[in-house]
Each structure stands twice: as structure tokens, then as C-alpha cells.
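**Student:** Dropping in model.cif, which is mmCIF, C-alpha atoms:
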```cif
data_entry
#
loop_
_atom_site.group_PDB
_atom_site.id
_atom_site.type_symbol
_atom_site.label_atom_id
_atom_site.label_comp_id
_atom_site.auth_asym_id
_atom_site.auth_seq_id
_atom_site.Cartn_x
_atom_site.Cartn_y
_atom_site.Cartn_z
ATOM 1 C CA MET I 1 -28.728 -4.321 -14.059
ATOM 2 C CA ASN I 2 -30.637 -3.058 -11.057
ATOM 3 C CA ARG I 3 -28.420 -0.981 -8.772
ATOM 4 C CA SER I 4 -29.803 -2.586 -5.632
ATOM 5 C CA LEU I 5 -29.080 -6.035 -7.005
ATOM 6 C CA VAL I 6 -25.500 -5.021 -7.810
ATOM 7 C CA ILE I 7 -25.064 -3.691 -4.274
ATOM 8 C CA LEU I 8 -26.437 -6.871 -2.729
ATOM 9 C CA LEU I 9 -24.316 -9.140 -4.916
ATOM 10 C CA GLY I 10 -21.252 -7.057 -4.113
ATOM 11 C CA ALA I 11 -22.025 -7.246 -0.406
ATOM 12 C CA LEU I 12 -22.459 -11.009 -0.627
ATOM 13 C CA ALA I 13 -19.145 -11.370 -2.458
ATOM 14 C CA LEU I 14 -17.450 -9.209 0.146
ATOM 15 C CA CYS I 15 -18.941 -11.297 2.964
ATOM 16 C CA ALA I 16 -17.748 -14.515 1.330
ATOM 17 C CA ALA I 17 -14.270 -13.054 0.818
ATOM 18 C CA LEU I 18 -14.077 -11.891 4.446
ATOM 19 C CA LEU I 19 -15.241 -15.225 5.825
ATOM 20 C CA GLY I 20 -13.030 -17.270 3.500
ATOM 21 C CA GLY I 21 -9.994 -15.040 3.969
ATOM 22 C CA SER I 22 -10.123 -14.992 7.748
ATOM 23 C CA TYR I 23 -10.751 -18.755 7.780
ATOM 24 C CA ALA I 24 -7.788 -19.520 5.502
ATOM 25 C CA VAL I 25 -5.381 -17.203 7.315
ATOM 26 C CA SER I 26 -6.266 -18.397 10.814
ATOM 27 C CA ARG I 27 -6.152 -22.062 9.758
ATOM 28 C CA ARG I 28 -2.717 -21.621 8.211
ATOM 29 C CA VAL I 29 -1.370 -19.714 11.219
ATOM 30 C CA CYS I 30 -2.814 -22.209 13.707
ATOM 31 C CA GLN I 31 -1.520 -25.228 11.787
ATOM 32 C CA SER I 32 1.989 -23.804 11.443
ATOM 33 C CA CYS I 33 2.109 -22.803 15.115
ATOM 34 C CA MET I 34 0.976 -26.244 16.244
ATOM 35 C CA SER I 35 3.429 -28.024 13.932
ATOM 36 C CA LYS I 36 6.416 -26.144 15.340
ATOM 37 C CA SER I 37 6.772 -28.702 18.117
ATOM 38 C CA VAL I 38 8.177 -31.424 15.909
ATOM 39 C CA SER I 39 8.557 -34.407 18.184
ATOM 40 C CA ASP I 40 7.248 -37.757 17.003
ATOM 41 C CA LEU I 41 5.645 -38.292 20.389
ATOM 42 C CA ASP I 42 3.657 -35.042 20.565
ATOM 43 C CA TRP I 43 0.556 -36.781 19.336
ATOM 44 C CA LEU I 44 0.703 -39.304 22.192
ATOM 45 C CA ARG I 45 0.917 -36.567 24.799
ATOM 46 C CA GLN I 46 -1.988 -34.619 23.293
ATOM 47 C CA GLU I 47 -4.257 -37.524 22.464
ATOM 48 C CA PHE I 48 -3.802 -39.582 25.641
ATOM 49 C CA HIS I 49 -3.201 -36.711 28.108
ATOM 50 C CA LEU I 50 0.075 -38.154 29.405
ATOM 51 C CA SER I 51 2.146 -36.777 32.259
ATOM 52 C CA ASP I 52 5.825 -35.866 31.975
ATOM 53 C CA ALA I 53 6.839 -39.025 33.861
ATOM 54 C CA GLU I 54 4.830 -41.213 31.501
ATOM 55 C CA MET I 55 6.312 -39.411 28.525
ATOM 56 C CA VAL I 56 9.860 -40.003 29.791
ATOM 57 C CA HIS I 57 9.146 -43.724 30.048
ATOM 58 C CA ILE I 58 7.550 -43.803 26.597
ATOM 59 C CA GLN I 59 10.452 -41.826 25.139
ATOM 60 C CA LYS I 60 12.845 -44.545 26.368
ATOM 61 C CA LEU I 61 10.712 -47.302 24.887
ATOM 62 C CA HIS I 62 10.436 -45.352 21.633
ATOM 63 C CA GLU I 63 14.188 -44.825 21.354
ATOM 64 C CA GLY I 64 14.782 -48.509 22.067
ATOM 65 C CA TYR I 65 12.266 -49.571 19.452
ATOM 66 C CA LEU I 66 13.363 -47.326 16.551
ATOM 67 C CA PRO I 67 16.669 -49.153 15.728
ATOM 68 C CA LYS I 68 14.849 -52.512 15.744
ATOM 69 C CA CYS I 69 12.191 -51.083 13.469
ATOM 70 C CA ALA I 70 14.813 -49.637 11.099
ATOM 71 C CA ASP I 71 16.629 -52.975 11.051
ATOM 72 C CA MET I 72 13.430 -54.792 10.171
ATOM 73 C CA CYS I 73 12.614 -52.256 7.458
ATOM 74 C CA ALA I 74 16.068 -52.774 5.920
ATOM 75 C CA LYS I 75 15.577 -56.567 5.936
ATOM 76 C CA ILE I 76 12.158 -56.229 4.290
ATOM 77 C CA ALA I 77 13.526 -53.849 1.646
ATOM 78 C CA ALA I 78 16.387 -56.267 0.880
ATOM 79 C CA LYS I 79 13.971 -59.186 0.606
ATOM 80 C CA LYS I 80 11.698 -57.200 -1.705
ATOM 81 C CA SER I 81 14.653 -56.474 -3.897
ATOM 82 C CA GLU I 82 15.526 -60.189 -4.013
ATOM 83 C CA LEU I 83 11.926 -61.008 -4.902
ATOM 84 C CA GLU I 84 11.917 -58.474 -7.741
ATOM 85 C CA THR I 85 15.121 -59.998 -9.116
ATOM 86 C CA ALA I 86 13.616 -63.470 -8.922
ATOM 87 C CA LEU I 87 10.475 -62.287 -10.715
ATOM 88 C CA THR I 88 12.232 -60.362 -13.499
ATOM 89 C CA SER I 89 14.425 -63.289 -14.494
ATOM 90 C CA THR I 90 11.427 -65.411 -15.479
ATOM 91 C CA THR I 91 7.860 -65.075 -16.755
ATOM 92 C CA ASN I 92 6.555 -67.621 -14.248
ATOM 93 C CA VAL I 93 6.347 -67.586 -10.477
ATOM 94 C CA ASN I 94 9.196 -70.037 -10.085
ATOM 95 C CA PRO I 95 10.098 -71.895 -6.874
ATOM 96 C CA GLU I 96 12.738 -69.304 -6.030
ATOM 97 C CA ALA I 97 10.191 -66.477 -6.261
ATOM 98 C CA ARG I 98 7.765 -68.488 -4.117
ATOM 99 C CA GLN I 99 10.519 -68.952 -1.571
ATOM 100 C CA LYS I 100 11.259 -65.216 -1.544
ATOM 101 C CA LEU I 101 7.557 -64.425 -1.169
ATOM 102 C CA ALA I 102 7.318 -66.734 1.833
ATOM 103 C CA GLU I 103 10.424 -65.184 3.388
ATOM 104 C CA LEU I 104 9.072 -61.679 2.781
ATOM 105 C CA ALA I 105 5.757 -62.607 4.387
ATOM 106 C CA ALA I 106 7.594 -64.100 7.369
ATOM 107 C CA LEU I 107 9.657 -60.933 7.755
ATOM 108 C CA ARG I 108 6.529 -58.767 7.581
ATOM 109 C CA ALA I 109 4.828 -60.942 10.184
ATOM 110 C CA GLN I 110 7.896 -60.650 12.398
ATOM 111 C CA CYS I 111 7.896 -56.875 11.910
ATOM 112 C CA GLN I 112 4.200 -56.653 12.809
ATOM 113 C CA ALA I 113 4.680 -58.819 15.880
ATOM 114 C CA GLN I 114 7.556 -56.616 17.030
ATOM 115 C CA MET I 115 5.475 -53.515 16.393
ATOM 116 C CA LEU I 116 2.500 -54.898 18.337
ATOM 117 C CA GLN I 117 4.815 -55.843 21.173
ATOM 118 C CA HIS I 118 6.059 -52.245 21.273
ATOM 119 C CA PHE I 119 2.503 -50.909 21.271
ATOM 120 C CA THR I 120 1.644 -53.212 24.164
ATOM 121 C CA GLU I 121 4.642 -52.026 26.163
ATOM 122 C CA VAL I 122 3.773 -48.385 25.492
ATOM 123 C CA SER I 123 0.142 -48.973 26.459
ATOM 124 C CA GLN I 124 1.254 -50.463 29.778
ATOM 125 C CA THR I 125 2.968 -47.198 30.724
ATOM 126 C CA MET I 126 -0.292 -45.293 30.330
ATOM 127 C CA PRO I 127 -3.279 -45.192 32.678
ATOM 128 C CA PRO I 128 -5.363 -48.342 32.004
ATOM 129 C CA GLU I 129 -8.198 -46.677 30.106
ATOM 130 C CA GLN I 130 -5.855 -44.601 27.928
ATOM 131 C CA GLY I 131 -3.663 -47.675 27.371
ATOM 132 C CA ARG I 132 -6.594 -49.698 26.060
ATOM 133 C CA ARG I 133 -7.620 -46.837 23.802
ATOM 134 C CA TYR I 134 -4.046 -46.432 22.519
ATOM 135 C CA LEU I 135 -3.701 -50.126 21.760
ATOM 136 C CA ALA I 136 -7.032 -50.268 19.943
ATOM 137 C CA GLU I 137 -6.198 -47.126 17.969
ATOM 138 C CA MET I 138 -2.762 -48.387 16.942
ATOM 139 C CA GLN I 139 -4.139 -51.768 15.912
ATOM 140 C CA ARG I 140 -6.810 -50.035 13.871
ATOM 141 C CA LEU I 141 -4.261 -47.722 12.221
ATOM 142 C CA THR I 142 -1.586 -50.311 11.474
ATOM 143 C CA LEU I 143 -3.449 -53.586 10.930
ATOM 144 C CA GLY I 144 -6.701 -51.996 9.808
ATOM 145 C CA LEU I 145 -5.182 -50.801 6.534
ATOM 146 C CA HIS I 146 -4.438 -54.379 5.485
ATOM 147 C CA GLU I 147 -7.896 -55.505 6.550
ATOM 148 C CA GLN I 148 -9.469 -52.722 4.499
ATOM 149 C CA THR I 149 -7.480 -53.748 1.447
ATOM 150 C CA GLU I 150 -8.391 -57.412 1.900
ATOM 151 C CA SER I 151 -12.085 -56.728 2.452
ATOM 152 C CA SER I 152 -12.234 -54.374 -0.535
ATOM 153 C CA MET I 153 -10.569 -57.028 -2.688
ATOM 154 C CA SER I 154 -12.882 -59.814 -1.551
ATOM 155 C CA GLY I 155 -16.050 -57.718 -1.532
ATOM 156 C CA SER I 156 -15.603 -55.735 -4.751
ATOM 157 C CA ALA I 157 -17.984 -56.458 -7.620
ATOM 158 C CA GLY I 158 -16.397 -57.838 -10.745
ATOM 159 C CA HIS I 159 -13.569 -59.436 -8.760
ATOM 160 C CA GLU I 160 -15.082 -62.731 -7.741
ATOM 161 C CA HIS I 161 -12.938 -65.727 -7.021
ATOM 162 C CA HIS I 162 -14.041 -68.841 -8.881
ATOM 163 C CA HIS I 163 -12.847 -72.071 -7.353
ATOM 164 C CA MET G 1 -32.171 29.370 -12.476
ATOM 165 C CA GLY G 2 -34.155 31.086 -15.212
ATOM 166 C CA GLY G 3 -37.542 31.920 -13.733
ATOM 167 C CA GLY G 4 -36.936 29.641 -10.764
ATOM 168 C CA THR G 5 -39.262 26.926 -11.993
ATOM 169 C CA ASN G 6 -38.533 23.430 -13.108
ATOM 170 C CA PRO G 7 -40.192 22.715 -16.462
ATOM 171 C CA ALA G 8 -40.431 19.033 -15.592
ATOM 172 C CA ALA G 9 -42.335 19.901 -12.468
ATOM 173 C CA ARG G 10 -44.815 21.910 -14.422
ATOM 174 C CA GLU G 11 -45.684 19.096 -16.689
ATOM 175 C CA PRO G 12 -47.702 16.164 -15.489
ATOM 176 C CA MET G 13 -45.770 12.905 -15.235
ATOM 177 C CA ASN G 14 -47.823 11.106 -17.786
ATOM 178 C CA LYS G 15 -48.550 13.130 -20.871
ATOM 179 C CA GLU G 16 -51.304 10.778 -21.907
ATOM 180 C CA ASN G 17 -53.259 11.828 -18.841
ATOM 181 C CA ILE G 18 -53.194 15.525 -19.650
ATOM 182 C CA ASN G 19 -56.562 16.993 -19.001
ATOM 183 C CA PRO G 20 -57.839 20.566 -19.325
ATOM 184 C CA ASP G 21 -57.671 21.006 -15.559
ATOM 185 C CA ASP G 22 -53.831 20.798 -15.706
ATOM 186 C CA ALA G 23 -53.663 23.847 -17.964
ATOM 187 C CA ARG G 24 -56.167 25.687 -15.856
ATOM 188 C CA LEU G 25 -54.293 24.857 -12.672
ATOM 189 C CA GLY G 26 -51.052 25.992 -14.273
ATOM 190 C CA ALA G 27 -52.611 29.306 -15.246
ATOM 191 C CA LEU G 28 -54.071 29.667 -11.768
ATOM 192 C CA LEU G 29 -50.725 29.079 -10.115
ATOM 193 C CA ARG G 30 -48.980 31.554 -12.379
ATOM 194 C CA GLU G 31 -51.659 34.079 -11.597
ATOM 195 C CA ALA G 32 -51.363 33.396 -7.855
ATOM 196 C CA SER G 33 -47.618 33.813 -7.832
ATOM 197 C CA ARG G 34 -47.920 37.045 -9.758
ATOM 198 C CA THR G 35 -50.611 38.562 -7.592
ATOM 199 C CA ALA G 36 -49.636 37.195 -4.192
ATOM 200 C CA GLY G 37 -45.937 38.003 -4.769
ATOM 201 C CA PRO G 38 -43.741 37.617 -1.718
ATOM 202 C CA GLU G 39 -46.555 36.161 0.441
ATOM 203 C CA LEU G 40 -46.208 32.792 -1.258
ATOM 204 C CA PRO G 41 -43.308 30.591 -0.195
ATOM 205 C CA PRO G 42 -40.433 30.266 -2.655
ATOM 206 C CA ARG G 43 -40.840 27.572 -5.344
ATOM 207 C CA PHE G 44 -44.512 27.368 -4.477
ATOM 208 C CA GLN G 45 -45.593 26.341 -7.975
ATOM 209 C CA GLU G 46 -42.969 23.602 -8.185
ATOM 210 C CA GLY G 47 -43.982 22.302 -4.776
ATOM 211 C CA VAL G 48 -47.638 22.132 -5.754
ATOM 212 C CA TRP G 49 -46.860 20.112 -8.877
ATOM 213 C CA ARG G 50 -44.568 17.792 -6.964
ATOM 214 C CA ARG G 51 -47.216 17.036 -4.387
ATOM 215 C CA ILE G 52 -49.757 16.397 -7.114
ATOM 216 C CA GLU G 53 -47.345 13.984 -8.808
ATOM 217 C CA GLU G 54 -46.602 12.197 -5.557
ATOM 218 C CA ALA G 55 -50.287 11.778 -4.851
ATOM 219 C CA ALA G 56 -50.956 10.558 -8.376
ATOM 220 C CA ALA G 57 -47.992 8.179 -8.504
ATOM 221 C CA PRO G 58 -49.032 4.517 -8.446
ATOM 222 C CA VAL G 59 -48.277 2.678 -5.215
ATOM 223 C CA LYS G 60 -45.386 0.250 -5.750
ATOM 224 C CA ALA G 61 -46.333 -3.402 -5.612
ATOM 225 C CA PRO G 62 -45.112 -4.868 -2.321
ATOM 226 C CA GLY G 63 -43.965 -8.047 -4.043
ATOM 227 C CA GLY G 64 -41.875 -6.198 -6.597
ATOM 228 C CA ILE G 65 -38.295 -5.012 -6.235
ATOM 229 C CA ALA G 66 -39.107 -2.682 -3.371
ATOM 230 C CA TRP G 67 -37.747 -5.204 -0.873
ATOM 231 C CA LEU G 68 -34.533 -5.367 -2.880
ATOM 232 C CA ASP G 69 -34.101 -1.600 -2.599
ATOM 233 C CA ALA G 70 -34.872 -1.755 1.108
ATOM 234 C CA LEU G 71 -32.343 -4.536 1.593
ATOM 235 C CA ALA G 72 -29.696 -2.652 -0.376
ATOM 236 C CA ALA G 73 -30.324 0.435 1.751
ATOM 237 C CA LEU G 74 -29.946 -1.712 4.863
ATOM 238 C CA VAL G 75 -26.687 -3.221 3.609
ATOM 239 C CA LEU G 76 -25.242 0.220 2.976
ATOM 240 C CA ARG G 77 -25.679 1.335 6.595
ATOM 241 C CA PRO G 78 -22.116 1.744 7.878
ATOM 242 C CA ARG G 79 -22.772 0.419 11.378
ATOM 243 C CA LEU G 80 -24.510 -2.688 10.139
ATOM 244 C CA ALA G 81 -21.836 -3.269 7.483
ATOM 245 C CA LEU G 82 -19.044 -2.975 10.049
ATOM 246 C CA ALA G 83 -20.805 -5.237 12.521
ATOM 247 C CA THR G 84 -21.426 -7.857 9.841
ATOM 248 C CA ALA G 85 -17.800 -7.703 8.705
ATOM 249 C CA ALA G 86 -16.593 -8.115 12.285
ATOM 250 C CA VAL G 87 -18.904 -11.075 12.924
ATOM 251 C CA LEU G 88 -17.825 -12.765 9.686
ATOM 252 C CA MET G 89 -14.136 -12.286 10.440
ATOM 253 C CA VAL G 90 -14.481 -13.648 13.963
ATOM 254 C CA ALA G 91 -16.540 -16.608 12.731
ATOM 255 C CA GLY G 92 -14.001 -17.322 9.977
ATOM 256 C CA ALA G 93 -11.110 -17.100 12.415
ATOM 257 C CA MET G 94 -12.820 -19.437 14.884
ATOM 258 C CA LEU G 95 -13.552 -22.000 12.186
ATOM 259 C CA GLY G 96 -9.989 -21.677 10.911
ATOM 260 C CA VAL G 97 -8.477 -22.212 14.355
ATOM 261 C CA ARG G 98 -10.693 -25.263 14.911
ATOM 262 C CA ASP G 99 -9.761 -26.814 11.560
ATOM 263 C CA GLY G 100 -6.099 -25.820 11.943
ATOM 264 C CA ASN G 101 -5.979 -27.606 15.292
ATOM 265 C CA GLN G 102 -7.583 -30.659 13.788
ATOM 266 C CA MET G 103 -5.145 -30.718 10.872
ATOM 267 C CA ALA G 104 -2.136 -30.236 13.141
ATOM 268 C CA HIS G 105 -3.410 -33.109 15.279
ATOM 269 C CA GLN G 106 -3.702 -35.326 12.209
ATOM 270 C CA ASP G 107 -0.203 -34.323 11.094
ATOM 271 C CA ALA G 108 1.160 -35.245 14.506
ATOM 272 C CA GLN G 109 -0.594 -38.607 14.376
ATOM 273 C CA ALA G 110 0.804 -39.284 10.894
ATOM 274 C CA ARG G 111 4.299 -38.362 12.126
ATOM 275 C CA TYR G 112 4.075 -40.798 15.043
ATOM 276 C CA LEU G 113 2.714 -43.528 12.801
ATOM 277 C CA ALA G 114 5.463 -42.970 10.244
ATOM 278 C CA ALA G 115 8.045 -43.357 13.030
ATOM 279 C CA VAL G 116 6.701 -46.510 14.650
ATOM 280 C CA ALA G 117 5.009 -48.304 11.760
ATOM 281 C CA PRO G 118 6.543 -47.235 8.455
ATOM 282 C CA ASN G 119 5.646 -50.532 6.797
ATOM 283 C CA SER G 120 1.956 -50.182 7.561
ATOM 284 C CA LEU G 121 1.776 -47.032 5.473
ATOM 285 C CA HIS G 122 2.646 -48.703 2.186
#
```
Could you write out this file's structure as C-alpha cells?
**Tutor:**
Amino acid sequence: MNRSLVILLGALALCAALLGGSYAVSRRVCQSCMSKSVSDLDWLRQEFHLSDAEMVHIQKLHEGYLPKCADMCAKIAAKKSELETALTSTTNVNPEARQKLAELAALRAQCQAQMLQHFTEVSQTMPPEQGRRYLAEMQRLTLGLHEQTESSMSGSAGHEHHH
Amino acid sequence: MGGGTNPAAREPMNKENINPDDARLGALLREASRTAGPELPPRFQEGVWRRIEEAAAPVKAPGGIAWLDALAALVLRPRLALATAAVLMVAGAMLGVRDGNQMAHQDAQARYLAAVAPNSLH
């Protein structure tokens, strides 16, 4: 092979290795340094530019909300377990399973309502513009996932509902 | 070292193009170096043949691999190579820091979401 071509290809490979190596190393270092502050609320402070006083208030709300959230999660998990038991004992969706499904849906709705209430309270501790943005973002992140699933189910080809 | 002349330099580059003038010129040069002696510069005969070859050599096509050689020569310049390496490393580091920040931000968001809305994740 031509010597010049070998030199150029080698130089290109070296350039790619230098660029890729420095990119990978700096990304890793930056990510690990940033992740060292491991508070759940760090994202709020960064994203919504909150003051220390606002963060103290939010911290209180957060600590008050977490036990309620954990309690609701435990209730939902227990209800799911009951539903699974009801479904495994029969090949049909029997009245008991329907009842469990309704109870599970009610619990999930209650959990979502409690969560939205918490988001509203947190948003009220922020400056108005940031509060609106926070509320919209949290609704998009928490309720949006269900909407995406529902719209993909209803809009997907080959999965048409025939009534 | 023997005789101080390069046999390759005496012969024309392309043997197919040998003409009687080459032999005559060779004889003339030998004669000149014998008679002129120390007045001629060292390796005079070799120099004459080299200049003839250079003049007779075909001009390289500009669209050929000449640009490749030029580029390779450019790449091998130490200053340029060092400068390029430095620029690439700085650019890579800047891109890495930007992406690292973005990823850390996403991690933090996921951590908050996992704390306040665990049921929305699955």
C-alpha cells in the first residue's frame, strides 16, 4: 500500500482515538462528579433555580409526602397480589377478579391524586413561573407515560377495536 | 566508493530511450574529468547525469497521488500534529463535559421521579 496513504489513515485513526478517548474520559469524570451529591431534591434546585429558603420548605413537604407515598405503594402492591391470586385460581375473569381490578384502579387513582396534590403544594413554594413549569413537567413525566401507552395502544396498526 | 561514481547515475533512467548521444556524452564527461582534473567539482559526472534525469523526468500529473504525498508530509509536521492533537483533546473534553452534565442532570431527574412517583415508572 502507498506509504502516504498509510500515514494518513494512521493519522486519522489517531485523531479519532484522541477525540473519542478525551470525550469518554471527561464525560465519565463529569458524570461521576455531578452524581456525588446524592440528594433526591438536587434536580429541583438545579432545574428550577431555587433558593435555600425555598429548598428548606420543599424538603419539609418532601419528607411529609414520602411516608404517604410508601403507604400507598404498599397498598397497591398488596392489591396486585390479591388480583394475581384471584386470576390464577380461575381461567375466567370472575367477579372477584373484577372487584380486585376495580379496587386496584381506585387505589391507583387515589395515589395519583395524592401525588398531584403534592406537586401542587411544591409548585406553590416556587416563584410563579417556575412553579407552573414544575407542575407541567411533573404532569408530563408522571401522567404522560400512561397517555403515551394508551395512545400507542389505540393508534397502533393491527390493533383495531371492533365493536 | 570505487571510482567515486554511481553506476545508476551514469545510465539513463529509461534504457529504451538510449541514444548514441548518451554514450558520446559519457565519453566526453570521462575525458573532461581526466583532463580538467581538480578544476572540476567533485562528483561532477554524477551531478550532470542527475540533472539530465531530472530534466527528462515526466512531470507528475496534478490529479494523481501527488496531493496524497503532500498531505502526508503536512501531517508529519510535528508542530501541526501537536496542535491538531491538542485541539482534538480539548474538543473531546468539552463535548464530554457537556454530555456528562446532561447525563448527570437526567440521572438526578430520574432519582427525584423515583422518589415521588414510583408507581408512574412501571
**Student:** I need the contact residues of chain G against chain I, so if you could list those with any atom within 7 Å, counting all atoms listed in the file, and return them as a VMD selection string, that would help.
**Tutor:** chain G and resid 68 to 69 72 85 88 to 89 92 to 93 95 to 97 99 to 101 103 to 105 108 to 109 111 to 112 115 to 117 120
**Student:** Between atom CA of I:Leu61 and atom CA of I:Gln114, what is the distance in Å, rounded to a tenth?
**Tutor:**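 Spanning atom CA of I:Leu61 to atom CA of I:Gln114 is a straight-line distance of 12.6 Å.
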**Student:** Quick check, in Å to one decimal: how far apart do atom CA of I:Pro128 and atom CA of I:Gln110 lie?
**Tutor:** 26.7 Å
